[in-house]
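As stored in structure-v2.cif (mmCIF, C-alpha atoms and all ligand atoms):
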```
data_entry
#
loop_
_atom_site.label_atom_id
_atom_site.label_comp_id
_atom_site.auth_asym_id
_atom_site.auth_seq_id
_atom_site.Cartn_x
_atom_site.Cartn_y
_atom_site.Cartn_z
CA MET A 264 7.25 176.17 148.03
CA GLN A 265 9.21 177.15 151.08
CA LEU A 266 9.10 174.51 153.83
CA VAL A 267 9.51 175.68 157.41
CA LYS A 268 10.05 172.81 159.84
CA VAL A 269 8.98 173.33 163.44
CA ASP A 270 8.94 171.10 166.51
CA ASN A 271 5.26 171.00 167.26
CA TYR A 272 1.78 172.48 166.93
CA GLU A 273 2.60 175.30 169.34
CA GLU A 274 5.65 176.38 167.32
CA MET A 275 3.73 176.12 164.05
CA SER A 276 1.03 178.40 165.46
CA LYS A 277 3.54 180.97 166.79
CA LYS A 278 5.43 181.07 163.52
CA ALA A 279 2.20 181.54 161.55
CA CYS A 280 1.13 184.24 164.01
CA SER A 281 4.32 186.22 163.47
CA ILE A 282 4.06 185.90 159.66
CA ILE A 283 0.50 187.24 159.77
CA MET A 284 1.43 190.09 162.11
CA GLU A 285 4.27 191.06 159.80
CA HIS A 286 1.93 190.97 156.81
CA ILE A 287 -0.60 193.20 158.58
CA GLN A 288 2.10 195.66 159.61
CA GLU A 289 3.70 195.81 156.17
CA SER A 290 0.57 196.06 154.01
CA ARG A 291 -1.36 199.25 153.48
CA ASN A 292 -4.68 197.43 153.03
CA PRO A 293 -4.14 193.92 154.38
CA VAL A 294 -6.58 191.31 153.08
CA LEU A 295 -6.42 188.00 154.94
CA GLY A 296 -7.89 184.73 153.74
CA LEU A 297 -8.82 182.61 156.75
CA ALA A 298 -9.37 178.92 157.35
CA THR A 299 -11.28 176.94 159.96
CA GLY A 300 -10.80 173.44 161.40
CA SER A 301 -8.54 172.42 164.28
CA THR A 302 -5.29 173.48 162.64
CA PRO A 303 -5.52 177.29 162.93
CA GLU A 304 -7.12 177.37 166.41
CA LYS A 305 -3.93 178.17 168.27
CA LEU A 306 -2.84 180.63 165.60
CA TYR A 307 -6.04 182.57 166.30
CA SER A 308 -5.42 182.43 170.09
CA CYS A 309 -1.93 183.80 169.46
CA LEU A 310 -3.30 186.67 167.36
CA ILE A 311 -5.79 187.51 170.14
CA GLU A 312 -2.98 187.49 172.69
CA LYS A 313 -0.83 189.81 170.57
CA TYR A 314 -3.81 192.10 170.02
CA LYS A 315 -4.43 192.29 173.77
CA GLN A 316 -0.75 193.13 174.29
CA GLY A 317 -1.13 195.98 171.78
CA LYS A 318 1.27 194.33 169.32
CA VAL A 319 -1.18 194.06 166.43
CA SER A 320 -4.36 195.82 165.33
CA PHE A 321 -6.92 194.63 162.79
CA GLU A 322 -8.24 198.14 162.22
CA ASN A 323 -7.36 198.16 158.50
CA VAL A 324 -7.68 194.43 157.85
CA MET A 325 -10.29 192.77 155.64
CA THR A 326 -10.95 189.06 156.07
CA PHE A 327 -12.42 186.46 153.72
CA ASN A 328 -13.03 182.93 154.91
CA LEU A 329 -12.46 179.97 152.67
CA ASP A 330 -15.71 178.15 153.19
CA GLU A 331 -19.00 177.60 155.01
CA TYR A 332 -21.41 174.70 155.36
CA VAL A 333 -24.65 174.85 153.39
CA GLY A 334 -27.81 174.76 155.47
CA LEU A 335 -26.45 176.04 158.77
CA LYS A 336 -27.57 179.43 160.06
CA LYS A 337 -24.82 181.91 160.97
CA ASP A 338 -25.47 181.45 164.68
CA ASP A 339 -25.48 177.63 164.49
CA ALA A 340 -22.78 176.37 166.85
CA ASN A 341 -21.23 174.36 163.99
CA SER A 342 -21.23 177.09 161.35
CA TYR A 343 -17.90 178.57 160.36
CA HIS A 344 -19.41 182.02 161.07
CA HIS A 345 -19.79 180.90 164.68
CA TYR A 346 -16.34 179.31 164.77
CA MET A 347 -14.67 182.50 163.55
CA LYS A 348 -16.57 184.74 165.97
CA GLU A 349 -15.67 182.50 168.87
CA LYS A 350 -12.04 181.83 167.90
CA LEU A 351 -11.03 185.28 166.64
CA PHE A 352 -13.48 187.94 165.51
CA ASP A 353 -15.17 188.67 168.86
CA HIS A 354 -11.81 189.20 170.58
CA VAL A 355 -10.05 191.68 168.29
CA ASP A 356 -10.79 195.08 166.74
CA LEU A 357 -12.57 193.80 163.63
CA ARG A 358 -15.91 195.38 162.69
CA ALA A 359 -18.64 193.40 160.97
CA ASP A 360 -18.05 195.23 157.67
CA GLN A 361 -14.44 194.00 157.57
CA ILE A 362 -15.44 190.33 157.82
CA HIS A 363 -16.62 188.13 154.93
CA LEU A 364 -17.76 184.51 154.85
CA PRO A 365 -19.87 182.73 152.24
CA ASP A 366 -23.53 182.57 153.29
CA GLY A 367 -24.45 178.90 153.48
CA HIS A 368 -28.01 179.77 154.39
CA SER A 369 -28.62 182.02 151.41
CA GLU A 370 -31.72 181.46 149.25
CA ASP A 371 -29.64 181.74 146.11
CA LEU A 372 -26.35 179.97 146.70
CA GLU A 373 -25.09 180.40 143.13
CA GLN A 374 -25.69 184.13 143.28
CA ASP A 375 -23.97 184.27 146.67
CA CYS A 376 -20.91 182.51 145.23
CA ARG A 377 -20.64 185.07 142.43
CA ALA A 378 -21.10 187.94 144.88
CA TYR A 379 -18.35 186.51 147.10
CA GLU A 380 -15.88 186.46 144.21
CA LYS A 381 -16.72 190.07 143.41
CA GLN A 382 -16.21 191.12 147.02
CA ILE A 383 -12.74 189.53 147.01
CA GLN A 384 -11.88 191.30 143.76
CA ARG A 385 -13.15 194.65 145.08
CA ALA A 386 -10.91 194.24 148.12
CA GLY A 387 -7.94 193.92 145.74
CA SER A 388 -7.63 190.11 146.06
CA ILE A 389 -6.29 188.18 149.02
CA GLY A 390 -2.87 189.27 150.25
CA LEU A 391 -2.19 186.34 152.58
CA GLN A 392 -4.26 183.17 152.56
CA VAL A 393 -4.08 180.78 155.51
CA LEU A 394 -4.76 177.16 154.55
CA GLY A 395 -5.07 173.83 156.28
CA ILE A 396 -5.10 170.56 154.35
CA GLY A 397 -7.69 167.80 154.42
CA LEU A 398 -6.66 164.15 154.73
CA ASN A 399 -7.58 163.70 151.05
CA GLY A 400 -5.64 166.81 150.00
CA HIS A 401 -8.61 169.16 149.99
CA ILE A 402 -8.01 172.87 150.41
CA GLY A 403 -10.98 174.92 151.55
CA PHE A 404 -13.67 172.37 150.76
CA ASN A 405 -12.34 171.66 147.27
CA GLU A 406 -12.52 167.90 147.15
CA PRO A 407 -10.43 165.64 144.89
CA GLY A 408 -11.56 166.04 141.28
CA THR A 409 -12.42 169.74 141.63
CA PRO A 410 -11.16 171.56 138.52
CA PHE A 411 -8.15 173.75 139.15
CA SER A 412 -10.08 176.47 137.28
CA SER A 413 -12.91 176.51 139.85
CA ARG A 414 -14.14 179.75 141.43
CA THR A 415 -16.27 180.04 144.58
CA HIS A 416 -18.82 177.26 144.26
CA VAL A 417 -21.19 174.85 145.98
CA VAL A 418 -19.50 171.52 146.72
CA GLU A 419 -20.71 168.06 147.69
CA LEU A 420 -18.68 166.95 150.67
CA SER A 421 -17.01 163.58 150.32
CA PRO A 422 -17.89 160.85 152.85
CA SER A 423 -14.30 160.98 154.20
CA THR A 424 -14.48 164.76 154.78
CA ARG A 425 -17.85 164.39 156.52
CA ARG A 426 -16.37 161.65 158.71
CA ALA A 427 -13.28 163.77 159.48
CA ASN A 428 -15.46 166.71 160.52
CA ALA A 429 -18.04 164.64 162.42
CA ARG A 430 -16.03 165.22 165.60
CA PHE A 431 -17.44 168.77 165.75
CA PHE A 432 -21.08 167.57 165.43
CA PRO A 433 -23.29 165.36 167.63
CA GLY A 434 -23.06 162.66 164.93
CA ILE A 435 -22.20 162.09 161.26
CA GLU A 436 -25.85 162.51 160.23
CA GLU A 437 -25.73 166.13 161.37
CA VAL A 438 -22.70 166.97 159.20
CA PRO A 439 -24.00 168.91 156.19
CA THR A 440 -23.58 167.23 152.81
CA GLN A 441 -22.74 170.45 151.01
CA ALA A 442 -20.63 173.54 151.53
CA ILE A 443 -19.67 176.72 149.72
CA SER A 444 -15.96 176.97 149.11
CA MET A 445 -13.67 179.47 147.50
CA GLY A 446 -12.53 177.75 144.31
CA ILE A 447 -9.03 176.56 143.59
CA ALA A 448 -8.44 179.36 141.06
CA SER A 449 -9.70 181.87 143.64
CA ILE A 450 -7.26 180.52 146.24
CA MET A 451 -4.39 180.54 143.73
CA GLU A 452 -4.94 184.26 143.08
CA SER A 453 -3.85 185.03 146.65
CA LYS A 454 -0.54 186.88 146.63
CA LYS A 455 0.91 184.75 149.42
CA ILE A 456 -0.23 181.41 150.83
CA LEU A 457 0.55 180.01 154.26
CA LEU A 458 -0.24 176.31 154.63
CA LEU A 459 -0.23 174.85 158.13
CA VAL A 460 0.24 171.13 158.66
CA SER A 461 0.41 169.46 162.06
CA GLY A 462 0.17 165.91 163.36
CA GLU A 463 0.84 162.40 162.23
CA GLN A 464 -2.57 162.01 160.62
CA LYS A 465 -1.56 164.65 158.04
CA ALA A 466 1.81 163.01 157.21
CA GLU A 467 0.56 161.16 154.15
CA ALA A 468 -1.12 164.25 152.73
CA LEU A 469 2.01 166.33 153.38
CA HIS A 470 4.21 163.71 151.76
CA ARG A 471 2.04 163.74 148.64
CA LEU A 472 1.97 167.54 148.61
CA LEU A 473 5.76 167.76 148.77
CA ASN A 474 6.61 164.85 146.50
CA GLY A 475 3.60 164.00 144.35
CA ASP A 476 2.41 165.07 140.91
CA VAL A 477 0.27 168.13 140.33
CA THR A 478 -3.15 166.61 139.77
CA GLU A 479 -6.79 167.48 140.34
CA ASP A 480 -7.05 164.18 142.23
CA PHE A 481 -5.10 165.87 145.00
CA PRO A 482 -6.22 169.53 145.12
CA ALA A 483 -3.40 170.85 147.34
CA SER A 484 -0.84 169.73 144.73
CA ILE A 485 -1.63 172.88 142.70
CA LEU A 486 0.20 174.85 145.40
CA GLN A 487 3.47 173.56 143.92
CA THR A 488 2.87 175.95 141.02
CA HIS A 489 2.16 179.07 143.15
CA PRO A 490 5.05 181.56 143.34
CA ASP A 491 4.78 182.32 147.07
CA VAL A 492 3.76 179.43 149.31
CA THR A 493 5.14 178.83 152.79
CA VAL A 494 4.37 175.45 154.34
CA ILE A 495 4.85 175.30 158.10
CA ALA A 496 4.90 171.68 159.18
CA ASP A 497 5.64 170.10 162.53
CA GLU A 498 7.76 167.05 163.25
CA LEU A 499 4.85 164.63 163.52
CA ALA A 500 3.57 165.64 160.09
CA LEU A 501 7.05 165.58 158.59
CA GLU A 502 9.00 162.69 159.99
CA PRO A 503 7.10 159.79 158.50
CA SER A 504 6.98 161.60 155.17
CA LEU A 505 10.74 162.17 155.22
CA SER A 506 11.48 158.55 156.04
CA LYS A 507 9.30 157.42 153.11
CA SER A 508 11.02 159.69 150.59
N1 LIG A 601 -12.97 173.00 155.37
C1 LIG A 601 -11.94 172.74 156.30
C2 LIG A 601 -10.63 173.19 155.73
O1 LIG A 601 -10.62 174.61 155.57
C3 LIG A 601 -9.55 172.71 156.68
O2 LIG A 601 -8.32 173.31 156.37
C4 LIG A 601 -9.40 171.23 156.55
C5 LIG A 601 -8.53 170.60 157.61
O3 LIG A 601 -9.15 170.62 158.86
P1 LIG A 601 -8.38 170.38 160.23
O4 LIG A 601 -7.50 171.56 160.42
O5 LIG A 601 -9.45 170.30 161.28
O6 LIG A 601 -7.63 169.13 160.07
O7 LIG A 601 -10.66 170.60 156.46
C6 LIG A 601 -11.85 171.27 156.79
O8 LIG A 601 -12.82 170.46 156.30
#
```
Structure translated into structure tokens:
Amino acid sequence: MQLVKVDNYEEMSKKACSIIMEHIQESRNPVLGLATGSTPEKLYSCLIEKYKQGKVSFENVMTFNLDEYVGLKKDDANSYHHYMKEKLFDHVDLRADQIHLPDGHSEDLEQDCRAYEKQIQRAGSIGLQVLGIGLNGHIGFNEPGTPFSSRTHVVELSPSTRRANARFFPGIEEVPTQAISMGIASIMESKKILLLVSGEQKAEALHRLLNGDVTEDFPASILQTHPDVTVIADELALEPSLSKS
């Protein structure tokens, strides 16, 4: 894993933005894996800004999102479909047929998971996957204990993940109990992975990622075995972890 240390959230987002732009410019058929949550918000604003300045185009890009809540319609304000439209898709030159997210409102979730895997494979697998990390080490919505061999699947969200994400909902009761997530094996097939970590609340998770054992109890630890992972972490996420090591 390559660790890039930056001063703050702003710098982390700019650095990630330039890595993604470079990837788009260098690849013939760029396939991006995208994440949601608070972490990549500014990265997406930066990509919109660069697009508006004519510095990047998404004309040839395909996107696959990591996850989606089960039970929310695409236009629900808390769905990841809605998040992505609002934070990125509606502001750049991406057509609907270039964009892929799991369908959490599908009548046959299992079938949808299999179809999602096939779509990723047909696109030639993910070239650059953007990841955030959950407080418990989850990547996508792969909670602790998820087999490293997992493919896109339906997951039960842990109480701590529901609590962490309750800030986006009117209350914890409204946070769905299930989600569809790309599996850990699916994520690991990405050619490159870009993990973004910002803020003191992520310091413990980052410390364990950088120094801990590779174990299914801490899903992100598998990234230690991937040949091309860049972790961009800011000072707040790093400093406490450095002082502990
Ligand atoms: N499913 C998402 C993940 O894709 C995200 O990376 C992570 C961290 O979220 P945040 O960036 O808001 O801390 O947890 C969420 O639950």
**OP:** Could you give me, as a ChimeraX atom specification, the residues that sit within 12 Å of (-0.8, 182.1, 159.7) in the file's coordinates, counting all atoms listed in the file?
**Re:** /A:274-287,295-299,302-310,391-395,455-460,492-496
Enumerate, in order of chain and increasing residue number, the residues of chain A with an atom no farther than 10 Å from ligand LIG 601 (chain A), each with its shortest atom pair and distance in Å to one decimal, counting all atoms listed in the file, as a Markdown table.
```
| residue | atom | partner | partner_atom | distance |
| --- | --- | --- | --- | --- |
| A:Leu297 | CA | A:LIG601 | O1 | 8.3 |
| A:Ala298 | CA | A:LIG601 | O1 | 4.8 |
| A:Thr299 | CA | A:LIG601 | O1 | 5.0 |
| A:Gly300 | CA | A:LIG601 | O5 | 3.4 |
| A:Ser301 | CA | A:LIG601 | O5 | 3.8 |
| A:Thr302 | CA | A:LIG601 | O4 | 3.7 |
| A:Pro303 | CA | A:LIG601 | O4 | 6.6 |
| A:Glu304 | CA | A:LIG601 | O4 | 8.4 |
| A:Asn328 | CA | A:LIG601 | O1 | 8.7 |
| A:Leu329 | CA | A:LIG601 | O1 | 6.4 |
| A:Asp330 | CA | A:LIG601 | N1 | 6.2 |
| A:Glu331 | CA | A:LIG601 | N1 | 7.6 |
| A:Tyr332 | CA | A:LIG601 | N1 | 8.6 |
| A:Tyr343 | CA | A:LIG601 | N1 | 9.0 |
| A:Val393 | CA | A:LIG601 | O2 | 8.6 |
| A:Leu394 | CA | A:LIG601 | O2 | 5.6 |
| A:Gly395 | CA | A:LIG601 | O2 | 3.3 |
| A:Ile396 | CA | A:LIG601 | O2 | 4.7 |
| A:Gly397 | CA | A:LIG601 | C5 | 4.3 |
| A:Leu398 | CA | A:LIG601 | C5 | 7.3 |
| A:Asn399 | CA | A:LIG601 | O7 | 9.3 |
| A:Gly400 | CA | A:LIG601 | C4 | 8.8 |
| A:His401 | CA | A:LIG601 | C4 | 6.9 |
| A:Ile402 | CA | A:LIG601 | C2 | 5.9 |
| A:Gly403 | CA | A:LIG601 | O1 | 4.0 |
| A:Phe404 | CA | A:LIG601 | N1 | 4.7 |
| A:Asn405 | CA | A:LIG601 | N1 | 8.2 |
| A:Glu406 | CA | A:LIG601 | O8 | 9.5 |
| A:Leu420 | CA | A:LIG601 | O8 | 8.9 |
| A:Ser423 | CA | A:LIG601 | O8 | 9.8 |
| A:Thr424 | CA | A:LIG601 | O8 | 6.1 |
| A:Arg425 | CA | A:LIG601 | O8 | 7.9 |
| A:Arg426 | CA | A:LIG601 | O8 | 9.8 |
| A:Ala427 | CA | A:LIG601 | O8 | 7.4 |
| A:Asn428 | CA | A:LIG601 | O8 | 6.2 |
| A:Ala429 | CA | A:LIG601 | O8 | 9.9 |
| A:Arg430 | CA | A:LIG601 | O5 | 9.4 |
| A:Phe431 | CA | A:LIG601 | O5 | 9.3 |
| A:Ala442 | CA | A:LIG601 | N1 | 8.6 |
| A:Ile443 | CA | A:LIG601 | N1 | 9.5 |
| A:Ser444 | CA | A:LIG601 | N1 | 8.0 |
| A:Met445 | CA | A:LIG601 | O1 | 9.9 |
| A:Leu458 | CA | A:LIG601 | O2 | 8.8 |
| A:Leu459 | CA | A:LIG601 | O4 | 8.3 |
| A:Val460 | CA | A:LIG601 | O4 | 7.9 |
| A:Ser461 | CA | A:LIG601 | O6 | 8.3 |
| A:Gly462 | CA | A:LIG601 | O6 | 9.1 |
| A:Gln464 | CA | A:LIG601 | O6 | 8.8 |
| A:Lys465 | CA | A:LIG601 | O6 | 7.8 |
```
Export of prior selection with C-alpha atoms as a compact mmCIF listing (two decimals), in the coordinates of the input:
```
# COMPACT_ATOMS: atom_id res chain seq x y z
CA LEU A 297 -8.82 182.61 156.75
CA ALA A 298 -9.37 178.92 157.35
CA THR A 299 -11.28 176.94 159.96
CA GLY A 300 -10.80 173.44 161.40
CA SER A 301 -8.54 172.42 164.28
CA THR A 302 -5.29 173.48 162.64
CA PRO A 303 -5.52 177.29 162.93
CA GLU A 304 -7.12 177.37 166.41
CA ASN A 328 -13.03 182.93 154.91
CA LEU A 329 -12.46 179.97 152.67
CA ASP A 330 -15.71 178.15 153.19
CA GLU A 331 -19.00 177.60 155.01
CA TYR A 332 -21.41 174.70 155.36
CA TYR A 343 -17.90 178.57 160.36
CA VAL A 393 -4.08 180.78 155.51
CA LEU A 394 -4.76 177.16 154.55
CA GLY A 395 -5.07 173.83 156.28
CA ILE A 396 -5.10 170.56 154.35
CA GLY A 397 -7.69 167.80 154.42
CA LEU A 398 -6.66 164.15 154.73
CA ASN A 399 -7.58 163.70 151.05
CA GLY A 400 -5.64 166.81 150.00
CA HIS A 401 -8.61 169.16 149.99
CA ILE A 402 -8.01 172.87 150.41
CA GLY A 403 -10.98 174.92 151.55
CA PHE A 404 -13.67 172.37 150.76
CA ASN A 405 -12.34 171.66 147.27
CA GLU A 406 -12.52 167.90 147.15
CA LEU A 420 -18.68 166.95 150.67
CA SER A 423 -14.30 160.98 154.20
CA THR A 424 -14.48 164.76 154.78
CA ARG A 425 -17.85 164.39 156.52
CA ARG A 426 -16.37 161.65 158.71
CA ALA A 427 -13.28 163.77 159.48
CA ASN A 428 -15.46 166.71 160.52
CA ALA A 429 -18.04 164.64 162.42
CA ARG A 430 -16.03 165.22 165.60
CA PHE A 431 -17.44 168.77 165.75
CA ALA A 442 -20.63 173.54 151.53
CA ILE A 443 -19.67 176.72 149.72
CA SER A 444 -15.96 176.97 149.11
CA MET A 445 -13.67 179.47 147.50
CA LEU A 458 -0.24 176.31 154.63
CA LEU A 459 -0.23 174.85 158.13
CA VAL A 460 0.24 171.13 158.66
CA SER A 461 0.41 169.46 162.06
CA GLY A 462 0.17 165.91 163.36
CA GLN A 464 -2.57 162.01 160.62
CA LYS A 465 -1.56 164.65 158.04
```
How big is the axis-aligned box around all listed atoms of range 492-501 of chain A once 4 Å goes on each side, and where's its centre, in Å to one decimal, as JSON?
```
{"center_x": 5.7, "center_y": 172.0, "center_z": 156.4, "size_x": 12.2, "size_y": 22.8, "size_z": 22.2}
```
Original post:
Which residues come within 6 Å of range 370-384 of chain A, counting only C-alpha atoms, excluding same-chain residues fewer than 4 positions away, as a list in words?
Top reply: Ser388, Thr415 and His416 of chain A
Original post:
Suppose you want the space between CA of His363 in chain A and CA of Lys318 in chain A; what is it in Å?
Top reply: 23.8 Å
Original post:
Interatomic distance between CA of Thr488 in chain A and CA of Met325 in chain A?
Top reply: 25.9 Å
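Counting all atoms listed in the file and comparing A:Leu501, A:Lys315, A:Ile450, A:Gln361, the residue that lies closest to Leu469 in chain A is A:Leu501.
The closest residue to Glu502 in chain A, picked from A:Glu463, A:His368, A:Ser484, A:Leu473 and counting only C-alpha atoms, is A:Glu463.
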Original post:
Could you name the residues that touch Arg471 in chain A at 12 Å or less, counting all atoms listed in the file, but leaving out those on the same chain fewer than 3 positions away, as a PyMOL selection string?
Top reply: chain A and resi 396+398-400+465-468+474-478+480-487+500-501+503-505+507-508
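In this structure, CA of Val418 in chain A sits 13.5 Å away from CA of Asp366 in chain A.
Nearest to Lys454 in chain A of all the residues A:Ile389, A:Val417, A:Ile435, A:Ala340 is A:Ile389, counting all atoms listed in the file.
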